[in-house]
Amino acid sequence: MSARAVRRRLVSGVMTGLVAVLCATAVLPLLLIFADLIHKGATAIDWNFFVRTPVPIGQTGGGVAHAIVGSAIIVGTACLIGLPIGIGAGIYLAEYGTGRLPWIVRFVADVLNGTPSIVIGILAWTWLVRPVGHFSALAGSVALAMLMVPMVARTTEEMVRLVPHSLREAALALGYPRWRTSLQVVVRTAVAGIVTGALVAVARIAGETAPLLFTALGNLHLSTSLGQPMQALPLQIYLYASGPFEEWHRLAWASALVLMALVLLLATAARWATRRRYAAR
Amino acid sequence: MPPVDAPARLATQRLTALFNRTVAVREISLLFPANTVTAIIGPSGCGKSTFLRCLNRMHELSEDGWVTGSVLLDNVDIYGAGVDPVAVRRRVGMVFQRPTPFPTMSIHDNVAAGLRVNGRLGAAAVTTAVERALRQAALWDEVQHRLHDSALALSGGQQQRLCIARALAPEPEVLLLDEPTGSLDPAGTQRIEELCHELKRRYTIVIVTHNLQQAARVSDYTAFFYLGRLIEVGRTAELFTKPAREETEAYLTGRFG
């Protein structure tokens with residue numbers, strides 16, 4: 001082997017090793033977090049944890065059912081508001097995205113994407129809490145939806161843009177009107193990517209705490225009314241983790257574990273739902 | 001002079017296609033007689049694909065694409081006022097160089113796509129039409145037992161015949177083929193060429209091709225384009241054996257292009 005070939009192999013080997021190390025470094029925090037959560041939280045999880053609400057200090061057997069239900073309602077409502085707007089805006093940007101108006105929409109979305117969530121929370125408080133006079137789950141949902149829209153719009157746009165132009169032309173040449181080409185061929189082809197993008201947004205807002213502090217506020221009891229303050233898992237974690245009691249700390253760890261598990265479950269479910277029905281052989 | 005043996009199903013009159021202010025195809029007048037195959041040949045960039053895309057109003061979908069002159073389909077100008085381009089494209093089918101099956105649809109649904117968008121057909125009528133189109137595209141025998149598999153499971157040549165079937169299903173009057181064998185192997189190419197002979201009994205076919213042998217094999221008439229102009233058109237046998245124009249002869253003998 002010539003000296004040059006030896007050198008090439010050496011460089012290739014070093015680079016491959018370097019990339020592998022960097023890759024492991026990127027994944028490591030996630031694994032550590034999970035290990036830590038399971039280590040500290042798993043012992044506090046039992047049936048009661050899921051079906052009961054908190055009990056007074058000193059008693060055992062309390063749970064966070066009100067926070068789990070609350071998170072589901074708040075995040076679900078945020079999705080109902082945010083996903084149609086975000087996905088619709090993304091499709092619009094991708095399909096009719098030239099000109100001044102789309103440029104403005106894109107710019108605003110990028111700015112919103114970078115806006116700290118606490119600012120969104122304050123906005124929602126100013127618009128939806130102060131005029132009404134009390135905190136509400138709905139205000140929390142609106143705040144979360146405002147966080148979702150720009151994220152979902154941008155990922156949807158990217159995914160729709162990835163669909164090859166030839167596919168669009170094939171549909172148009174077949175006599176598809178433009179809107180049917182967009183929806184039935186282009187968007188349908190991009191649907192797995194759109195769902196993945198939406199899911200990343202859901203996962204992110206499910207863990208948001210700051211916007212909920214000013215809006216949904218939190219609640220020690222189970223509430224299912226959108227017009228009333230409602231507990232959510234991140235608020236629960238915040239409350240328990242900053243409290244003085246050992247029992248609360250354990251419950252905070254357990255709640256964090258449940259929140260992570262729910263997000264993971266959601267991700268898996270969405271992947272399964274959008275798995276390629278017609279995988280190429 | 002364009003040849004006139006049969007009534008022209010499709011004709012262009014001084015058709016000029018532009019991109020913004022750049023002329024891609026200049027003042028082309030051609031007749032396409034019913035139930036014939038016309039090949040359009042010429043070097044890359046001569047405007048043959050652009051010309052083809054004017055025949056079903058696809059050119060205007062390109063950025064800054066526009067057209068002057070007229071294209072008569074059964075003596076009606078498809079660029080006339082009040083003509084819906086979508087309706088034109090339903091009457092003039094098109095197949096592209098690369099196979100473009102819809103990846104989210106099954107084999108059956110790909111062929112049915114054009115039918116469903118064209119109007120309300122009963123399920124039985126769709127099934128019949130899908131089978132007929134697949135038979136016409138010589139694909140039925142290979143896919144009849146897996147109509148509900150992904151279209152992506154087919155080979156490249158099969159995908160291209162699927163695209164032909166998809167274009168045929170709504171029963172267009174004219175079929176435009178834009179280098180339909182450009183990405184196929186010799187076996188796939190042969191199948192498509194045989195298909196052209198079959199299909200001209202029902203359809204008027206215009207095929208753009210880089211391959212001179214292919215033009216000689218499949219077409220009744222051949223038009224030679226060069227630098228956006230129509231240099232010569234005639235019966236294929238005549239154009240290939242005794243071309244009237246020097247440029248045509250130079251191209252056919254491989255001196256350029």
# chains A, B, ... in the order shown; residues from 1 in each chain; ligands from 1

call {"tool": "residues_around", "arguments": {"residues": "B:Arg201", "least_positions_apart": "2", "cutoff": "8 Å", "atoms": "only C-alpha atoms", "output": "list in words"}}
result
Asn35, Thr36, His197, Glu198, Leu199 and Tyr203 of chain B

call {"tool": "residues_around", "arguments": {"residues": "B:Phe19", "least_positions_apart": "6", "cutoff": "12 Å", "atoms": "only C-alpha atoms", "output": "list in words"}}
result
Val25, Arg26, Gly47, Thr50, His59, Glu60, Leu61, Ser62, Glu63, Asp64, Gly65, Trp66, Val67 and Thr68 of chain B

call {"tool": "write_last_selection", "arguments": {"atoms": "C-alpha atoms", "output": "short mmCIF file (atom, residue, chain, number, x, y, z; two decimals), in the first residue's frame"}}
result
data_model
loop_
_atom_site.label_atom_id
_atom_site.label_comp_id
_atom_site.auth_asym_id
_atom_site.auth_seq_id
_atom_site.Cartn_x
_atom_site.Cartn_y
_atom_site.Cartn_z
CA VAL B 25 -40.05 28.22 -29.65
CA ARG B 26 -40.69 30.52 -32.59
CA GLY B 47 -37.48 23.76 -27.69
CA THR B 50 -41.43 23.37 -24.48
CA HIS B 59 -46.07 25.66 -20.52
CA GLU B 60 -47.92 28.53 -18.88
CA LEU B 61 -47.41 26.84 -15.50
CA SER B 62 -43.66 27.27 -15.80
CA GLU B 63 -42.32 30.40 -14.20
CA ASP B 64 -42.77 33.32 -16.61
CA GLY B 65 -44.00 30.97 -19.34
CA TRP B 66 -46.40 32.37 -21.92
CA VAL B 67 -47.52 31.74 -25.44
CA THR B 68 -48.66 33.53 -28.60
#

call {"tool": "interface_residues", "arguments": {"of": "chain B", "to": "chain A", "cutoff": "6 Å", "atoms": "only C-alpha atoms", "output": "list of chain:residue names"}}
result
B:Val86, B:Arg89, B:Arg90, B:Thr100, B:Thr104, B:Gly114, B:Ser150, B:Leu152, B:Ala153

call {"tool": "residues_around", "arguments": {"residues": "stretch 201-212 of chain A", "least_positions_apart": "4", "cutoff": "8 Å", "atoms": "only C-alpha atoms", "output": "PyMOL selection string"}}
result
chain A and resi 71+75+79+117-122+124+140+143-144+147-148+151-152+197+216-218+233-235+238+259+263

call {"tool": "write_last_selection", "arguments": {"atoms": "N, CA and C atoms", "output": "mmCIF file, in the first residue's frame"}}
result
data_model
loop_
_atom_site.group_PDB
_atom_site.id
_atom_site.type_symbol
_atom_site.label_atom_id
_atom_site.label_comp_id
_atom_site.auth_asym_id
_atom_site.auth_seq_id
_atom_site.Cartn_x
_atom_site.Cartn_y
_atom_site.Cartn_z
ATOM 1 N N SER A 71 -53.527 18.552 31.536
ATOM 2 C CA SER A 71 -52.592 18.668 30.431
ATOM 3 C C SER A 71 -53.234 18.191 29.137
ATOM 4 N N VAL A 75 -53.604 20.881 26.229
ATOM 5 C CA VAL A 75 -52.825 20.629 25.003
ATOM 6 C C VAL A 75 -53.755 20.247 23.852
ATOM 7 N N CYS A 79 -54.146 22.187 20.336
ATOM 8 C CA CYS A 79 -54.000 21.536 19.026
ATOM 9 C C CYS A 79 -55.185 21.879 18.130
ATOM 10 N N SER A 117 -41.337 31.993 25.403
ATOM 11 C CA SER A 117 -42.712 31.576 25.645
ATOM 12 C C SER A 117 -43.359 32.395 26.766
ATOM 13 N N ILE A 118 -42.533 32.934 27.647
ATOM 14 C CA ILE A 118 -43.110 33.712 28.750
ATOM 15 C C ILE A 118 -43.752 34.996 28.212
ATOM 16 N N VAL A 119 -43.190 35.517 27.115
ATOM 17 C CA VAL A 119 -43.775 36.708 26.499
ATOM 18 C C VAL A 119 -45.158 36.380 25.943
ATOM 19 N N ILE A 120 -45.245 35.216 25.317
ATOM 20 C CA ILE A 120 -46.542 34.767 24.802
ATOM 21 C C ILE A 120 -47.532 34.631 25.961
ATOM 22 N N GLY A 121 -47.026 34.102 27.083
ATOM 23 C CA GLY A 121 -47.877 33.934 28.252
ATOM 24 C C GLY A 121 -48.424 35.271 28.745
ATOM 25 N N ILE A 122 -47.550 36.278 28.779
ATOM 26 C CA ILE A 122 -47.981 37.599 29.242
ATOM 27 C C ILE A 122 -49.023 38.182 28.285
ATOM 28 N N ALA A 124 -51.101 36.495 26.383
ATOM 29 C CA ALA A 124 -52.359 35.789 26.576
ATOM 30 C C ALA A 124 -53.043 36.286 27.848
ATOM 31 N N GLY A 140 -54.765 29.401 28.599
ATOM 32 C CA GLY A 140 -53.547 28.597 28.483
ATOM 33 C C GLY A 140 -53.456 27.927 27.124
ATOM 34 N N ALA A 143 -52.516 30.432 24.501
ATOM 35 C CA ALA A 143 -51.088 30.754 24.575
ATOM 36 C C ALA A 143 -50.262 29.655 23.926
ATOM 37 N N LEU A 144 -50.600 28.396 24.245
ATOM 38 C CA LEU A 144 -49.842 27.284 23.658
ATOM 39 C C LEU A 144 -50.054 27.219 22.153
ATOM 40 N N LEU A 147 -47.859 29.471 20.368
ATOM 41 C CA LEU A 147 -46.501 28.942 20.246
ATOM 42 C C LEU A 147 -46.411 27.922 19.113
ATOM 43 N N MET A 148 -47.510 27.176 18.962
ATOM 44 C CA MET A 148 -47.512 26.091 17.982
ATOM 45 C C MET A 148 -47.529 26.597 16.550
ATOM 46 N N MET A 151 -44.315 27.265 14.558
ATOM 47 C CA MET A 151 -43.519 26.037 14.410
ATOM 48 C C MET A 151 -44.124 25.130 13.363
ATOM 49 N N VAL A 152 -45.443 24.902 13.494
ATOM 50 C CA VAL A 152 -46.119 23.982 12.591
ATOM 51 C C VAL A 152 -46.129 24.547 11.165
ATOM 52 N N GLY A 197 -43.889 16.938 12.066
ATOM 53 C CA GLY A 197 -43.656 18.319 12.473
ATOM 54 C C GLY A 197 -44.653 18.771 13.513
ATOM 55 N N ALA A 216 -53.450 29.356 32.697
ATOM 56 C CA ALA A 216 -54.216 28.264 33.302
ATOM 57 C C ALA A 216 -54.031 28.269 34.826
ATOM 58 N N LEU A 217 -52.920 28.867 35.270
ATOM 59 C CA LEU A 217 -52.594 29.080 36.679
ATOM 60 C C LEU A 217 -52.263 27.811 37.449
ATOM 61 N N GLY A 218 -53.139 26.806 37.340
ATOM 62 C CA GLY A 218 -52.974 25.612 38.153
ATOM 63 C C GLY A 218 -54.185 25.444 39.043
ATOM 64 N N LEU A 233 -49.390 19.146 33.915
ATOM 65 C CA LEU A 233 -48.214 18.443 34.437
ATOM 66 C C LEU A 233 -47.014 19.368 34.675
ATOM 67 N N PRO A 234 -46.696 20.256 33.733
ATOM 68 C CA PRO A 234 -45.530 21.117 33.994
ATOM 69 C C PRO A 234 -45.746 22.004 35.221
ATOM 70 N N LEU A 235 -46.970 22.492 35.405
ATOM 71 C CA LEU A 235 -47.262 23.317 36.583
ATOM 72 C C LEU A 235 -47.125 22.491 37.853
ATOM 73 N N TYR A 238 -43.556 22.048 38.620
ATOM 74 C CA TYR A 238 -43.024 23.302 39.157
ATOM 75 C C TYR A 238 -43.398 23.460 40.627
ATOM 76 N N LEU A 259 -44.692 12.782 32.134
ATOM 77 C CA LEU A 259 -44.740 13.746 31.024
ATOM 78 C C LEU A 259 -43.863 13.276 29.864
ATOM 79 N N VAL A 263 -45.115 12.032 26.055
ATOM 80 C CA VAL A 263 -44.587 12.601 24.813
ATOM 81 C C VAL A 263 -44.031 11.487 23.917
#

call {"tool": "select_by_dssp", "arguments": {"residues": "stretch 14-167 of chain B", "states": "strand (DSSP E or B)", "output": "ChimeraX atom specification"}}
result
/B:14-19,22-33,37-41,65-73,76-77,92-95,106,150

call {"tool": "write_last_selection", "arguments": {"atoms": "N, CA and C atoms", "output": "compact mmCIF listing (two decimals), in the first residue's frame"}}
result
# COMPACT_ATOMS: atom_id res chain seq x y z
N ARG B 14 -48.54 29.32 -35.97
CA ARG B 14 -47.58 30.36 -35.56
C ARG B 14 -47.44 30.38 -34.03
N LEU B 15 -47.23 29.21 -33.50
CA LEU B 15 -47.14 29.09 -32.04
C LEU B 15 -45.75 29.52 -31.58
N THR B 16 -45.74 30.49 -30.69
CA THR B 16 -44.48 30.97 -30.12
C THR B 16 -44.56 30.82 -28.61
N ALA B 17 -43.55 30.19 -28.03
CA ALA B 17 -43.53 30.02 -26.57
C ALA B 17 -42.38 30.82 -26.01
N LEU B 18 -42.64 31.51 -24.92
CA LEU B 18 -41.62 32.37 -24.33
C LEU B 18 -41.47 32.11 -22.83
N PHE B 19 -40.26 32.40 -22.36
CA PHE B 19 -40.02 32.50 -20.92
C PHE B 19 -39.69 33.96 -20.67
N THR B 22 -37.66 35.80 -23.32
CA THR B 22 -36.82 34.92 -24.13
C THR B 22 -37.70 33.96 -24.94
N VAL B 23 -37.49 33.96 -26.24
CA VAL B 23 -38.28 33.07 -27.09
C VAL B 23 -37.66 31.68 -27.05
N ALA B 24 -38.46 30.67 -26.70
CA ALA B 24 -37.96 29.30 -26.67
C ALA B 24 -38.35 28.56 -27.94
N VAL B 25 -39.54 28.88 -28.45
CA VAL B 25 -40.05 28.22 -29.65
C VAL B 25 -40.67 29.31 -30.50
N ARG B 26 -40.28 29.38 -31.80
CA ARG B 26 -40.69 30.52 -32.59
C ARG B 26 -41.60 30.12 -33.75
N GLU B 27 -42.82 30.66 -33.73
CA GLU B 27 -43.73 30.60 -34.88
C GLU B 27 -43.80 29.23 -35.54
N ILE B 28 -44.28 28.29 -34.77
CA ILE B 28 -44.35 26.93 -35.32
C ILE B 28 -45.78 26.60 -35.76
N SER B 29 -45.90 26.18 -37.01
CA SER B 29 -47.19 25.73 -37.53
C SER B 29 -47.04 24.28 -37.94
N LEU B 30 -47.82 23.42 -37.27
CA LEU B 30 -47.71 21.99 -37.51
C LEU B 30 -49.09 21.38 -37.45
N LEU B 31 -49.30 20.31 -38.24
CA LEU B 31 -50.55 19.57 -38.17
C LEU B 31 -50.27 18.19 -37.62
N PHE B 32 -51.17 17.72 -36.78
CA PHE B 32 -51.05 16.37 -36.26
C PHE B 32 -52.29 15.60 -36.67
N PRO B 33 -52.21 14.80 -37.73
CA PRO B 33 -53.39 14.09 -38.21
C PRO B 33 -53.88 13.06 -37.19
N VAL B 37 -48.71 8.87 -35.31
CA VAL B 37 -47.67 9.20 -34.34
C VAL B 37 -46.74 10.21 -35.00
N THR B 38 -46.57 11.35 -34.37
CA THR B 38 -45.62 12.35 -34.87
C THR B 38 -44.48 12.44 -33.89
N ALA B 39 -43.26 12.29 -34.41
CA ALA B 39 -42.08 12.42 -33.54
C ALA B 39 -41.51 13.82 -33.70
N ILE B 40 -41.08 14.39 -32.59
CA ILE B 40 -40.37 15.67 -32.64
C ILE B 40 -38.95 15.40 -32.20
N ILE B 41 -37.99 15.68 -33.11
CA ILE B 41 -36.59 15.42 -32.80
C ILE B 41 -35.82 16.73 -32.87
N GLY B 65 -43.70 31.56 -18.04
CA GLY B 65 -44.00 30.97 -19.34
C GLY B 65 -45.26 31.55 -19.96
N TRP B 66 -45.20 31.92 -21.23
CA TRP B 66 -46.40 32.37 -21.92
C TRP B 66 -46.29 32.08 -23.41
N VAL B 67 -47.39 32.28 -24.10
CA VAL B 67 -47.52 31.74 -25.44
C VAL B 67 -48.25 32.75 -26.33
N THR B 68 -47.84 32.83 -27.61
CA THR B 68 -48.66 33.53 -28.60
C THR B 68 -48.95 32.57 -29.74
N GLY B 69 -49.88 32.93 -30.62
CA GLY B 69 -50.31 32.02 -31.67
C GLY B 69 -51.43 31.14 -31.15
N SER B 70 -51.76 30.09 -31.89
CA SER B 70 -52.88 29.28 -31.43
C SER B 70 -52.60 27.79 -31.61
N VAL B 71 -53.33 27.01 -30.82
CA VAL B 71 -53.29 25.56 -30.90
C VAL B 71 -54.72 25.09 -31.08
N LEU B 72 -55.01 24.49 -32.24
CA LEU B 72 -56.38 24.07 -32.51
C LEU B 72 -56.56 22.60 -32.18
N LEU B 73 -57.47 22.33 -31.26
CA LEU B 73 -57.83 20.95 -30.95
C LEU B 73 -59.24 20.76 -31.49
N VAL B 76 -60.82 24.03 -32.47
CA VAL B 76 -61.10 25.06 -31.47
C VAL B 76 -59.77 25.46 -30.81
N ASP B 77 -59.52 26.74 -30.74
CA ASP B 77 -58.27 27.21 -30.16
C ASP B 77 -58.27 27.00 -28.65
N VAL B 92 -56.14 16.23 -23.45
CA VAL B 92 -54.81 16.00 -24.00
C VAL B 92 -53.93 15.43 -22.89
N GLY B 93 -53.73 14.12 -22.93
CA GLY B 93 -52.97 13.47 -21.86
C GLY B 93 -51.48 13.62 -22.07
N MET B 94 -50.71 13.47 -20.98
CA MET B 94 -49.27 13.67 -21.08
C MET B 94 -48.51 12.68 -20.21
N VAL B 95 -47.38 12.20 -20.74
CA VAL B 95 -46.50 11.32 -19.98
C VAL B 95 -45.10 11.93 -20.03
N SER B 106 -52.28 3.39 -4.51
CA SER B 106 -52.03 2.05 -5.01
C SER B 106 -51.99 2.10 -6.54
N SER B 150 -48.55 -0.84 -3.57
CA SER B 150 -48.03 0.50 -3.88
C SER B 150 -47.54 0.57 -5.31

call {"tool": "closest_atom_pairs", "arguments": {"of": "stretch 155-273 of chain A", "to": "stretch 36-52 of chain A", "cutoff": "7 Å", "atoms": "only C-alpha atoms", "output": "Markdown table"}}
result
| residue | atom | partner | partner_atom | distance |
| --- | --- | --- | --- | --- |
| A:Arg250 | CA | A:Gly41 | CA | 6.0 |
| A:Leu251 | CA | A:Ala44 | CA | 6.2 |
| A:Trp253 | CA | A:Gly41 | CA | 4.5 |
| A:Ala254 | CA | A:Gly41 | CA | 3.9 |
| A:Leu257 | CA | A:Leu37 | CA | 5.5 |

call {"tool": "write_last_selection", "arguments": {"atoms": "C-alpha atoms", "output": "PDB file, in the first residue's frame"}}
result
ATOM      1  CA  ARG A 250     -40.680  12.403  44.683  1.00  0.00           C
ATOM      2  CA  LEU A 251     -43.995  13.239  43.076  1.00  0.00           C
ATOM      3  CA  TRP A 253     -39.847  13.357  39.622  1.00  0.00           C
ATOM      4  CA  ALA A 254     -42.674  10.955  38.931  1.00  0.00           C
ATOM      5  CA  LEU A 257     -41.330  10.823  34.117  1.00  0.00           C
TER       6      LEU A 257
END

call {"tool": "closest_residue", "arguments": {"among": "B:Gln97, B:Leu134, B:Leu154, B:Ala169", "to": "B:Asn118", "atoms": "only C-alpha atoms"}}
result
B:Ala169

call {"tool": "residues_around", "arguments": {"residues": "A:Ile91", "least_positions_apart": "4", "cutoff": "8 Å", "atoms": "only C-alpha atoms", "output": "ChimeraX atom specification"}}
result
/A:87,95,153,156-157,160,187

call {"tool": "residues_around", "arguments": {"residues": "A:Gly82", "least_positions_apart": "6", "cutoff": "8 Å", "atoms": "only C-alpha atoms", "output": "list in words"}}
result
Ala145, Met146, Met148 and Val149 of chain A

call {"tool": "atom_distance", "arguments": {"atom1": "atom CA of A:Ala137", "atom2": "atom CA of A:Thr215"}}
result
6.7 Å
